[in-house]
2 protein chains.
Amino acid sequence: MNLRESALEIFHAALNAADPRTAIHRVVQRDGDRLRVREYEYDLAQIGRVFVIGFGKAGAAMAQATEEILGDRIARGLVIVKYGHVAPLNKIQLHQAGHPLLDENSLSGTRQILEILDDANENDLVICLISGGGSALLELPVDAPVGVSLDDFRATTDALLRAGATINELNTVRKHLSQVKGGQLARRAHGAQIISLILSDVIGSPLDMIASGPTAPDPTTFGDAQNILERRGVQTQFPASVIHHIERGVQGDVADTPDERNHIFERVQNVIIADNAIACNAAVQHAKSLGFNTLLLSTYLQGEAKEVAKVFAAIAREIVQSNQPMAHPACIIAGGETTVTVRGKGIGGRNQELALAAAIEIDGMAASRVVVLSGGTDGTDGPNDAAGAIADERTIFRATMHGKDARAFLANNDSYNFFKPLNDLIITGPTNTNVNDVILVIVG
Amino acid sequence: MNLRESALEIFHAALNAADPRTAIHRVVQRDGDRLRVREYEYDLAQIGRVFVIGFGKAGAAMAQATEEILGDRIARGLVIVKYGHVAPLNKIQLHQAGHPLLDENSLSGTRQILEILDDANENDLVICLISGGGSALLELPVDAPVGVSLDDFRATTDALLRAGATINELNTVRKHLSQVKGGQLARRAHGAQIISLILSDVIGSPLDMIASGPTAPDPTTFGDAQNILERRGVQTQFPASVIHHIERGVQGDVADTPDERNHIFERVQNVIIADNAIACNAAVQHAKSLGFNTLLLSTYLQGEAKEVAKVFAAIAREIVQSNQPMAHPACIIAGGETTVTVRGKGIGGRNQELALAAAIEIDGMAASRVVVLSGGTDGTDGPNDAAGAIADERTIFRATMHGKDARAFLANNDSYNFFKPLNDLIITGPTNTNVNDVILVIVG
């Protein structure tokens with residue numbers, strides 16, 4: 001097998017580890033009445049009813065796997081998915097709603113989930129299927145006595161975004177306008193045992209951030225939310241209902257989101273079934289099985305794609321020259337999400353741009369073969385049909401034969417049209433998952 | 001010892017390994033008539049006279065070390081240094097000349113070096129001391145029958161730079177207008193044994209690139225030089241003497257620069273006494289001695305400083321979270337040269353900017369202490385008195401206490417004024433060496 005085939009195989013090992021169905025079957029095992037979820041064990045004979053709730057883009061596939069394991073025991077289930085993200089199911093109902101912008105169907109789906117929870121008691125088990133996109137798909141703003149309408153909710157988000165709020169600030173405020181975010185969903189289950197199976201699209205998988213942490217302890221408070229409104233200096237732009245609700249919360253008239261000391265979390269297991277780290281570690285294992293020395297560099301990768309590419313090329317060059325940081329044949333694995341500052345008018349994505357910049361840096365690197373692959377685990381990389389691209393030390397030479405000037409394509413952010421005629425795009429189609437990007441650097 | 005002290009000590013271990021005198025004493029050992037230069041051994045009893053020649057900014061310190069070892073045997077010596085870069089010597093004469101722009105004193109010094117070589121024969125030993133800046137300090141354009149004047153030489157350089165020529169292209173042309181570059185100095189020694197002791201300021205230490213490789217085989221030809229003139233489309237701007245000389249070379253009327261097949265190199269040892277890799281490996285050894293797990297990431301580092309910082313921070317975060325790529329206490333060492341795209345009006349340098357960007361990324365990183373140090377081995381980092389800076393996970397907090405907004409300082413490229421009141425600048429003064437930059441990432 002050549003190095004490019006190895007790289008593609010290792011990337012697909014990462015994709016497979018992040019597949020929602022594979023991930024649930026890896027983490028959740030059942031033997032009769034014995035249910036194991038990683039280190040936790042449950043006796044289904046001691047459990048009343050099993051409910052399934054969920055929200056997120058991977059919801060349909062996660063629901064399928066859950067039915068495969070627990071279909072005979074599921075009393076009722078509803079999973080909110082993005083429009084069109086459906087799959088055939090027997091027990092669990094799919095409810096389609098808006099993403100990335102929430103809509104009335106998000107609210108009605110959330111109400112139905114709360115109805116299911118209202119039916120639960122402490123003898124029951126609630127399986128909660130959480131994946132990326134859940135923040136928009138699951139939402140119900142606080143209601144009486146100070147109702148925050150969907151319009152008020154959206155206006156608040158817009159004002160904060162205009163004022164330059166970070167995603168953390170935005171989520172802190174929204175958790176305190178929600179009935180379900182920031183651990184509050186867990187509070188609605190009447191003491192039922194909750195197992196949240198979480199497919200994380202957030203770097204580092206902080207439980208309180210993925211889908212705004214509906215079943216996770218929330219470290220933020222009404223006071224934090226009020227500070228953010230003040231700091232961003234946009235209170236006058238907020239609907240009166242929002243100001244009033246947060247003030248009531250600060251004064252203690254409304255219960256705050258539950259934090260880690262709250263006893264409800266004794267009945268909740270939040271389990272990350274797949275994330276970038278799990279995908280990258282699967283890549284490490286597969287690379288080892290192919291005979292490569294491996295190095296997991298980071299699963300927190302960020303930065304401008306074409307500059308990050310230079311660092312990877314520098315590491316490849318060191319391996320070629322001195323067998324450091326490790327001897328070749330070597331495979332370096334990294335995960336995360338880079339960014340592209342768009343200055344040109346071309347077609348591409350951060351993964352293809354990283355591969356293009358890397359191609360320039362490793363051009364003609366002597367003595368060893370070098371391959372750089374960068375791909376999005378959701379199968380997309382910008383507005384085109386590629387998930388990423390693959391480059392090696394002869395890519396620039398081959399491009400020159402096609403009359404293509406790599407630097408000009410990079411300057412125009414046109415990585416897609418650079419790689420397409422070289423057949424070096426990675427096309428996977430939709431993968432039904434998203435655990436960010438995986439980058440491989442291989443030195444043969 | 002705390003982590004910041006460890007980082008500074010490790011950086012100084014790298015500086016020490018790159019010190020010209022230390023480096024020469026490490027590589028050159030003498031015991032009576034027995035002279036060892038790394039793996040080569042010479043019997044001084046069998047050698048006629050010892051001549052010392054040299055050129056480069058570290059010339060004075062290199063000459064001192066050479067006198068300390070071989071003072072009793074030196075028949076004659078001359079080293080060309082930058083104006084003011086002098087030191088007391090007994091046997092070897094220092095000749096001051098222009099840098100970075102060569103001047104008439106560069107030419108007169110080079111003529112004196114050629115006179116010394118004219119005096120040498122195959123029984124003699126020539127020690128050649130080469131360091132950064134040697135390209136400007138050693139130069140003598142070709143003379144009759146087609147003389148290229150200093151003005152013609154400079155006009156050629158200017159025209160190529162205006163046309164966007166790379167440093168490699170520039171050097172290829174200049175080697176073919178020179179009497180001494182591209183291995184030609186070695187050809188002038190009448191068969192004497194030559195030991196070139198080289199302190200490299202070029203990433204990767206390619207022998208033909210450091211000071212334009214006066215004693216190294218040259219892979220480029222008159223044909224290459226002519227292609228570059230044509231490709232850059234600026235022949236009309238070149239002096240007639242230059243065009244004519246290169247044409248004569250292509251036609252074989254002038255001997256080309258000697259390549260690796262040339263027998264003269266059987267009598268030449270080119271020895272890198274210090275470079276970025278040697279400095280970084282010394283840092284690795286010192287970090288190990290302090291109890292750190294170490295990883296030499298690359299000595300070919302490049303890219304925009306603030307983006308490279310993000311990659312280092314991502315690696316630090318992975319170590320904190322998963323003990324990968326290695327367990328803490330961990331020290332990652334990297335070398336090379338980053339760049340800064342200046343958009344602001346502040347004071348700083350690439351090392352200080354990298355440290356500032358890293359400070360933002362590692363701000364408040366929990367569970368472990370994290371330190372990032374970036375420093376120039378020449379003791380300078382832009383137009384200020386710092387060599388670099390040091391940051392840790394509390395730097396941003398401390399800066400806030402000083403009323404400083406790190407992101408604003410970074411946007412204004414004002415890293416010097418960010419770090420100065422925090423006492424986090426690294427001030428070494430001139431180090432008399434230059435082996436590019438060293439970057440350390442420590443996780444305690």
# chains A, B, ... in the order shown; residues from 1 in each chain; ligands from 1
>>> interface_residues(of="chain A", to="chain B", cutoff="6 Å", atoms="only C-alpha atoms", output="PDB file with N, CA and C atoms, in the first residue's frame")
ATOM      1  N   LEU A 295       2.269   9.899  16.369  1.00  0.00           N
ATOM      2  CA  LEU A 295       2.333  10.988  17.344  1.00  0.00           C
ATOM      3  C   LEU A 295       1.012  11.742  17.255  1.00  0.00           C
ATOM      4  N   LEU A 296       0.242  11.698  18.334  1.00  0.00           N
ATOM      5  CA  LEU A 296      -0.969  12.520  18.399  1.00  0.00           C
ATOM      6  C   LEU A 296      -0.539  13.905  18.878  1.00  0.00           C
ATOM      7  N   LEU A 297      -0.508  14.853  17.949  1.00  0.00           N
ATOM      8  CA  LEU A 297       0.063  16.162  18.272  1.00  0.00           C
ATOM      9  C   LEU A 297      -0.895  16.980  19.121  1.00  0.00           C
ATOM     10  N   SER A 298      -2.148  17.063  18.693  1.00  0.00           N
ATOM     11  CA  SER A 298      -3.140  17.834  19.439  1.00  0.00           C
ATOM     12  C   SER A 298      -4.513  17.566  18.860  1.00  0.00           C
ATOM     13  N   TYR A 300      -6.730  19.979  19.684  1.00  0.00           N
ATOM     14  CA  TYR A 300      -7.214  21.340  19.936  1.00  0.00           C
ATOM     15  C   TYR A 300      -6.702  22.295  18.864  1.00  0.00           C
ATOM     16  N   LEU A 301      -6.381  21.749  17.700  1.00  0.00           N
ATOM     17  CA  LEU A 301      -5.732  22.550  16.672  1.00  0.00           C
ATOM     18  C   LEU A 301      -6.609  23.709  16.214  1.00  0.00           C
ATOM     19  N   GLY A 303      -6.094  27.993  14.241  1.00  0.00           N
ATOM     20  CA  GLY A 303      -5.182  28.906  13.568  1.00  0.00           C
ATOM     21  C   GLY A 303      -5.469  28.965  12.084  1.00  0.00           C
ATOM     22  N   GLU A 307      -1.053  28.823   7.581  1.00  0.00           N
ATOM     23  CA  GLU A 307       0.083  28.968   8.503  1.00  0.00           C
ATOM     24  C   GLU A 307       0.278  27.681   9.304  1.00  0.00           C
ATOM     25  N   LYS A 310       2.299  25.278   7.466  1.00  0.00           N
ATOM     26  CA  LYS A 310       3.759  25.469   7.509  1.00  0.00           C
ATOM     27  C   LYS A 310       4.377  24.754   8.702  1.00  0.00           C
ATOM     28  N   ALA A 314       7.087  21.818   8.570  1.00  0.00           N
ATOM     29  CA  ALA A 314       8.349  21.927   9.317  1.00  0.00           C
ATOM     30  C   ALA A 314       8.608  20.656  10.120  1.00  0.00           C
ATOM     31  N   ILE A 315       7.550  20.079  10.676  1.00  0.00           N
ATOM     32  CA  ILE A 315       7.718  18.830  11.428  1.00  0.00           C
ATOM     33  C   ILE A 315       8.102  17.703  10.471  1.00  0.00           C
ATOM     34  N   GLU A 318      11.710  17.911   9.619  1.00  0.00           N
ATOM     35  CA  GLU A 318      12.586  17.460  10.711  1.00  0.00           C
ATOM     36  C   GLU A 318      12.643  15.934  10.753  1.00  0.00           C
ATOM     37  N   PRO A 325      10.482  14.617  15.481  1.00  0.00           N
ATOM     38  CA  PRO A 325      10.248  14.077  16.826  1.00  0.00           C
ATOM     39  C   PRO A 325      10.116  12.560  16.888  1.00  0.00           C
TER      40      PRO A 325
END
>>> residues_around(residues="Leu114 of chain A", least_positions_apart="3", cutoff="9 Å", atoms="only C-alpha atoms", output="ChimeraX atom specification")
/A:109-111,117-119,180,185,188-189
>>> select_by_dssp(residues="segment 45-222 of chain A", states="strand (DSSP E)", output="ChimeraX atom specification")
/A:50-55,74-82,93-97,125-130,193-199
>>> residues_around(residues="Ala165 of chain A", least_positions_apart="2", cutoff="12 Å", atoms="only C-alpha atoms", output="ChimeraX atom specification")
/A:156-163,167-173,225,228-234
>>> residues_around(residues="segment 419-424 of chain B", least_positions_apart="3", cutoff="6 Å", atoms="only C-alpha atoms", output="compact mmCIF listing (two decimals) with N, CA and C atoms, in the first residue's frame")
# COMPACT_ATOMS: atom_id res chain seq x y z
N ALA B 389 10.48 36.95 24.61
CA ALA B 389 9.63 37.11 25.78
C ALA B 389 9.18 35.75 26.28
N ILE B 390 8.65 35.78 27.51
CA ILE B 390 8.18 34.56 28.15
C ILE B 390 6.76 34.80 28.65
N TYR B 416 6.38 44.35 22.56
CA TYR B 416 7.43 44.85 23.47
C TYR B 416 6.80 45.63 24.63
>>> residues_around(residues="Ile243 of chain B", least_positions_apart="3", cutoff="12 Å", atoms="only C-alpha atoms", output="PDB file with N, CA, C and O atoms, in the first residue's frame")
ATOM      1  N   VAL B 146      36.464  40.252 -18.647  1.00  0.00           N
ATOM      2  CA  VAL B 146      35.185  40.973 -18.573  1.00  0.00           C
ATOM      3  C   VAL B 146      34.971  41.388 -17.122  1.00  0.00           C
ATOM      4  O   VAL B 146      34.327  40.681 -16.354  1.00  0.00           O
ATOM      5  N   GLY B 147      35.486  42.455 -16.716  1.00  0.00           N
ATOM      6  CA  GLY B 147      35.372  42.860 -15.316  1.00  0.00           C
ATOM      7  C   GLY B 147      33.948  43.249 -14.954  1.00  0.00           C
ATOM      8  O   GLY B 147      33.274  43.944 -15.711  1.00  0.00           O
ATOM      9  N   VAL B 148      33.474  42.728 -13.812  1.00  0.00           N
ATOM     10  CA  VAL B 148      32.196  43.178 -13.272  1.00  0.00           C
ATOM     11  C   VAL B 148      32.522  44.077 -12.082  1.00  0.00           C
ATOM     12  O   VAL B 148      33.090  43.625 -11.091  1.00  0.00           O
ATOM     13  N   ASP B 152      28.312  47.370 -10.954  1.00  0.00           N
ATOM     14  CA  ASP B 152      27.575  46.425 -11.785  1.00  0.00           C
ATOM     15  C   ASP B 152      26.979  45.307 -10.920  1.00  0.00           C
ATOM     16  O   ASP B 152      25.846  44.868 -11.115  1.00  0.00           O
ATOM     17  N   PHE B 153      27.774  44.852  -9.970  1.00  0.00           N
ATOM     18  CA  PHE B 153      27.374  43.764  -9.084  1.00  0.00           C
ATOM     19  C   PHE B 153      26.144  44.173  -8.273  1.00  0.00           C
ATOM     20  O   PHE B 153      25.170  43.431  -8.175  1.00  0.00           O
ATOM     21  N   THR B 156      22.968  44.530 -10.388  1.00  0.00           N
ATOM     22  CA  THR B 156      22.377  43.225 -10.692  1.00  0.00           C
ATOM     23  C   THR B 156      21.506  42.749  -9.538  1.00  0.00           C
ATOM     24  O   THR B 156      20.369  42.299  -9.724  1.00  0.00           O
ATOM     25  N   VAL B 173      22.843  33.607  -9.178  1.00  0.00           N
ATOM     26  CA  VAL B 173      23.426  34.581 -10.102  1.00  0.00           C
ATOM     27  C   VAL B 173      24.728  35.142  -9.519  1.00  0.00           C
ATOM     28  O   VAL B 173      25.764  35.201 -10.204  1.00  0.00           O
ATOM     29  N   HIS B 176      27.898  33.222  -9.739  1.00  0.00           N
ATOM     30  CA  HIS B 176      28.503  33.161 -11.074  1.00  0.00           C
ATOM     31  C   HIS B 176      29.063  34.499 -11.538  1.00  0.00           C
ATOM     32  O   HIS B 176      29.475  34.643 -12.676  1.00  0.00           O
ATOM     33  N   LEU B 177      29.044  35.474 -10.635  1.00  0.00           N
ATOM     34  CA  LEU B 177      29.720  36.748 -10.900  1.00  0.00           C
ATOM     35  C   LEU B 177      30.866  36.961  -9.917  1.00  0.00           C
ATOM     36  O   LEU B 177      31.472  38.020  -9.866  1.00  0.00           O
ATOM     37  N   PHE B 222      26.322  28.108 -14.619  1.00  0.00           N
ATOM     38  CA  PHE B 222      26.096  29.304 -15.443  1.00  0.00           C
ATOM     39  C   PHE B 222      24.754  29.208 -16.174  1.00  0.00           C
ATOM     40  O   PHE B 222      24.049  30.205 -16.345  1.00  0.00           O
ATOM     41  N   ALA B 225      22.072  30.304 -13.902  1.00  0.00           N
ATOM     42  CA  ALA B 225      22.090  31.761 -13.749  1.00  0.00           C
ATOM     43  C   ALA B 225      21.421  32.429 -14.944  1.00  0.00           C
ATOM     44  O   ALA B 225      20.615  33.356 -14.801  1.00  0.00           O
ATOM     45  N   GLN B 226      21.755  31.940 -16.145  1.00  0.00           N
ATOM     46  CA  GLN B 226      21.164  32.543 -17.346  1.00  0.00           C
ATOM     47  C   GLN B 226      19.641  32.333 -17.384  1.00  0.00           C
ATOM     48  O   GLN B 226      18.889  33.252 -17.718  1.00  0.00           O
ATOM     49  N   ASN B 227      19.211  31.128 -16.980  1.00  0.00           N
ATOM     50  CA  ASN B 227      17.757  30.859 -16.929  1.00  0.00           C
ATOM     51  C   ASN B 227      17.048  31.835 -15.997  1.00  0.00           C
ATOM     52  O   ASN B 227      15.933  32.271 -16.276  1.00  0.00           O
ATOM     53  N   ILE B 228      17.693  32.139 -14.875  1.00  0.00           N
ATOM     54  CA  ILE B 228      17.064  33.049 -13.918  1.00  0.00           C
ATOM     55  C   ILE B 228      16.942  34.444 -14.518  1.00  0.00           C
ATOM     56  O   ILE B 228      15.901  35.096 -14.410  1.00  0.00           O
ATOM     57  N   LEU B 229      17.998  34.912 -15.191  1.00  0.00           N
ATOM     58  CA  LEU B 229      17.924  36.227 -15.842  1.00  0.00           C
ATOM     59  C   LEU B 229      16.773  36.245 -16.837  1.00  0.00           C
ATOM     60  O   LEU B 229      15.985  37.193 -16.900  1.00  0.00           O
ATOM     61  N   GLU B 230      16.643  35.155 -17.596  1.00  0.00           N
ATOM     62  CA  GLU B 230      15.570  35.106 -18.601  1.00  0.00           C
ATOM     63  C   GLU B 230      14.199  35.032 -17.941  1.00  0.00           C
ATOM     64  O   GLU B 230      13.283  35.753 -18.302  1.00  0.00           O
ATOM     65  N   VAL B 234      14.464  40.513 -16.868  1.00  0.00           N
ATOM     66  CA  VAL B 234      15.008  41.827 -16.561  1.00  0.00           C
ATOM     67  C   VAL B 234      16.400  42.004 -17.156  1.00  0.00           C
ATOM     68  O   VAL B 234      17.179  42.832 -16.684  1.00  0.00           O
ATOM     69  N   GLN B 235      16.689  41.216 -18.220  1.00  0.00           N
ATOM     70  CA  GLN B 235      18.039  41.293 -18.781  1.00  0.00           C
ATOM     71  C   GLN B 235      18.419  42.712 -19.180  1.00  0.00           C
ATOM     72  O   GLN B 235      19.571  43.113 -19.060  1.00  0.00           O
ATOM     73  N   THR B 236      17.427  43.458 -19.689  1.00  0.00           N
ATOM     74  CA  THR B 236      17.751  44.803 -20.177  1.00  0.00           C
ATOM     75  C   THR B 236      18.228  45.706 -19.051  1.00  0.00           C
ATOM     76  O   THR B 236      18.910  46.689 -19.289  1.00  0.00           O
ATOM     77  N   GLN B 237      17.861  45.338 -17.808  1.00  0.00           N
ATOM     78  CA  GLN B 237      18.295  46.168 -16.688  1.00  0.00           C
ATOM     79  C   GLN B 237      19.674  45.760 -16.172  1.00  0.00           C
ATOM     80  O   GLN B 237      20.222  46.409 -15.299  1.00  0.00           O
ATOM     81  N   PHE B 238      20.215  44.654 -16.699  1.00  0.00           N
ATOM     82  CA  PHE B 238      21.502  44.192 -16.189  1.00  0.00           C
ATOM     83  C   PHE B 238      22.630  44.884 -16.928  1.00  0.00           C
ATOM     84  O   PHE B 238      22.540  45.130 -18.129  1.00  0.00           O
ATOM     85  N   PRO B 239      23.726  45.172 -16.223  1.00  0.00           N
ATOM     86  CA  PRO B 239      24.900  45.728 -16.894  1.00  0.00           C
ATOM     87  C   PRO B 239      25.401  44.757 -17.968  1.00  0.00           C
ATOM     88  O   PRO B 239      25.306  43.542 -17.811  1.00  0.00           O
ATOM     89  N   ALA B 240      25.910  45.315 -19.055  1.00  0.00           N
ATOM     90  CA  ALA B 240      26.410  44.492 -20.157  1.00  0.00           C
ATOM     91  C   ALA B 240      27.482  43.534 -19.675  1.00  0.00           C
ATOM     92  O   ALA B 240      27.562  42.389 -20.135  1.00  0.00           O
ATOM     93  N   ILE B 246      28.176  35.974 -18.046  1.00  0.00           N
ATOM     94  CA  ILE B 246      27.379  34.745 -17.911  1.00  0.00           C
ATOM     95  C   ILE B 246      27.291  34.019 -19.251  1.00  0.00           C
ATOM     96  O   ILE B 246      27.361  32.784 -19.309  1.00  0.00           O
ATOM     97  N   GLU B 247      27.210  34.765 -20.342  1.00  0.00           N
ATOM     98  CA  GLU B 247      27.219  34.119 -21.668  1.00  0.00           C
ATOM     99  C   GLU B 247      28.515  33.355 -21.902  1.00  0.00           C
ATOM    100  O   GLU B 247      28.503  32.230 -22.400  1.00  0.00           O
ATOM    101  N   ARG B 248      29.621  33.980 -21.528  1.00  0.00           N
ATOM    102  CA  ARG B 248      30.921  33.303 -21.684  1.00  0.00           C
ATOM    103  C   ARG B 248      30.942  32.029 -20.842  1.00  0.00           C
ATOM    104  O   ARG B 248      31.485  31.002 -21.267  1.00  0.00           O
ATOM    105  N   GLY B 249      30.367  32.118 -19.649  1.00  0.00           N
ATOM    106  CA  GLY B 249      30.322  30.941 -18.793  1.00  0.00           C
ATOM    107  C   GLY B 249      29.509  29.819 -19.413  1.00  0.00           C
ATOM    108  O   GLY B 249      29.926  28.653 -19.432  1.00  0.00           O
ATOM    109  N   VAL B 250      28.346  30.181 -19.960  1.00  0.00           N
ATOM    110  CA  VAL B 250      27.484  29.168 -20.569  1.00  0.00           C
ATOM    111  C   VAL B 250      28.201  28.513 -21.739  1.00  0.00           C
ATOM    112  O   VAL B 250      28.082  27.300 -21.977  1.00  0.00           O
TER     113      VAL B 250
END
>>> atom_distance(atom1="atom CA of Ser135 of chain B", atom2="atom CA of Gly56 of chain B")
7.8 Å
>>> select_by_dssp(residues="segment 172-302 of chain B", states="helix (DSSP H, G or I)", output="VMD selection string")
chain B and resid 172 to 175 184 to 187 210 to 212 222 to 231 235 to 237 240 to 250 263 to 267 276 to 289
>>> residues_around(residues="Leu410 of chain A", least_positions_apart="5", cutoff="9 Å", atoms="only C-alpha atoms", output="CSV table (one decimal) with all heavy atoms, in the first residue's frame")
chain,number,residue,atom,x,y,z
A,306,LYS,N,-3.4,28.1,6.3
A,306,LYS,CA,-2.1,28.0,5.5
A,306,LYS,C,-0.9,28.2,6.4
A,306,LYS,O,0.2,27.8,6.0
A,306,LYS,CB,-2.2,29.1,4.4
A,306,LYS,CG,-2.2,30.5,4.9
A,306,LYS,CD,-2.3,31.5,3.7
A,306,LYS,CE,-2.3,32.9,4.2
A,306,LYS,NZ,-2.6,33.8,3.1
A,344,GLY,N,-9.6,35.9,-1.4
A,344,GLY,CA,-9.8,35.6,-2.9
A,344,GLY,C,-11.3,35.3,-3.2
A,344,GLY,O,-12.1,35.4,-2.3
A,346,GLY,N,-12.1,32.3,-4.8
A,346,GLY,CA,-12.2,30.9,-5.3
A,346,GLY,C,-13.1,30.0,-4.4
A,346,GLY,O,-13.8,30.5,-3.6
A,353,GLU,N,-7.6,24.2,1.9
A,353,GLU,CA,-6.6,25.2,1.9
A,353,GLU,C,-5.3,24.8,2.7
A,353,GLU,O,-4.2,25.0,2.2
A,353,GLU,CB,-7.2,26.5,2.5
A,353,GLU,CG,-6.1,27.6,2.6
A,353,GLU,CD,-6.6,29.0,2.2
A,353,GLU,OE1,-7.5,29.1,1.3
A,353,GLU,OE2,-6.1,30.0,2.8
A,356,LEU,N,-3.4,22.5,0.4
A,356,LEU,CA,-2.7,23.3,-0.7
A,356,LEU,C,-1.5,24.0,-0.2
A,356,LEU,O,-0.4,23.9,-0.8
A,356,LEU,CB,-3.7,24.3,-1.3
A,356,LEU,CG,-3.2,25.3,-2.3
A,356,LEU,CD1,-2.4,24.6,-3.4
A,356,LEU,CD2,-4.3,26.1,-2.9
A,357,ALA,N,-1.6,24.7,1.0
A,357,ALA,CA,-0.5,25.3,1.6
A,357,ALA,C,0.6,24.3,1.9
A,357,ALA,O,1.8,24.6,1.7
A,357,ALA,CB,-0.9,26.1,2.8
A,405,ASP,N,-0.5,27.2,-11.1
A,405,ASP,CA,0.4,27.9,-10.2
A,405,ASP,C,-0.2,27.8,-8.8
A,405,ASP,O,-1.2,28.5,-8.5
A,405,ASP,CB,0.6,29.3,-10.6
A,405,ASP,CG,1.4,30.1,-9.7
A,405,ASP,OD1,1.8,29.6,-8.6
A,405,ASP,OD2,1.7,31.3,-10.0
A,415,SER,N,-8.6,26.5,-3.5
A,415,SER,CA,-8.0,25.1,-3.3
A,415,SER,C,-8.8,24.0,-4.0
A,415,SER,O,-8.3,23.1,-4.5
A,415,SER,CB,-7.9,24.8,-1.8
A,415,SER,OG,-9.1,25.1,-1.1
A,418,PHE,N,-7.9,23.8,-7.5
A,418,PHE,CA,-6.5,23.4,-7.6
A,418,PHE,C,-6.5,21.8,-7.6
A,418,PHE,O,-5.8,21.2,-8.4
A,418,PHE,CB,-5.6,23.9,-6.5
A,418,PHE,CG,-4.2,23.4,-6.5
A,418,PHE,CD1,-3.3,24.0,-7.3
A,418,PHE,CD2,-3.9,22.3,-5.7
A,418,PHE,CE1,-2.0,23.5,-7.3
A,418,PHE,CE2,-2.6,21.9,-5.7
A,418,PHE,CZ,-1.6,22.5,-6.5
>>> residues_around(residues="segment 127-134 of chain A", least_positions_apart="3", cutoff="7 Å", atoms="only C-alpha atoms", output="list in words")
Phe51, Val52, Ile53, Gly54, Phe55, Gly56, Lys57, Ala58, Gly59, Met62, His99, Pro100, Leu137, Leu138, Ile194, Ile195, Ser196, Leu197, Ile198, Leu199, Ser200, Asp201, Ile210 and Ala211 of chain A
>>> atom_distance(atom1="atom CA of Val438 of chain A", atom2="atom CA of Ile362 of chain A")
18.9 Å
>>> closest_residue(among="A:Ala136, A:Ala87, A:Ile427, A:Cys331", to="Leu150 of chain A", atoms="only C-alpha atoms")
A:Ala136
>>> closest_residue(among="B:Val435, B:Val320, B:Ala387, B:Ala65", to="Asn16 of chain B", atoms="only C-alpha atoms")
B:Val435
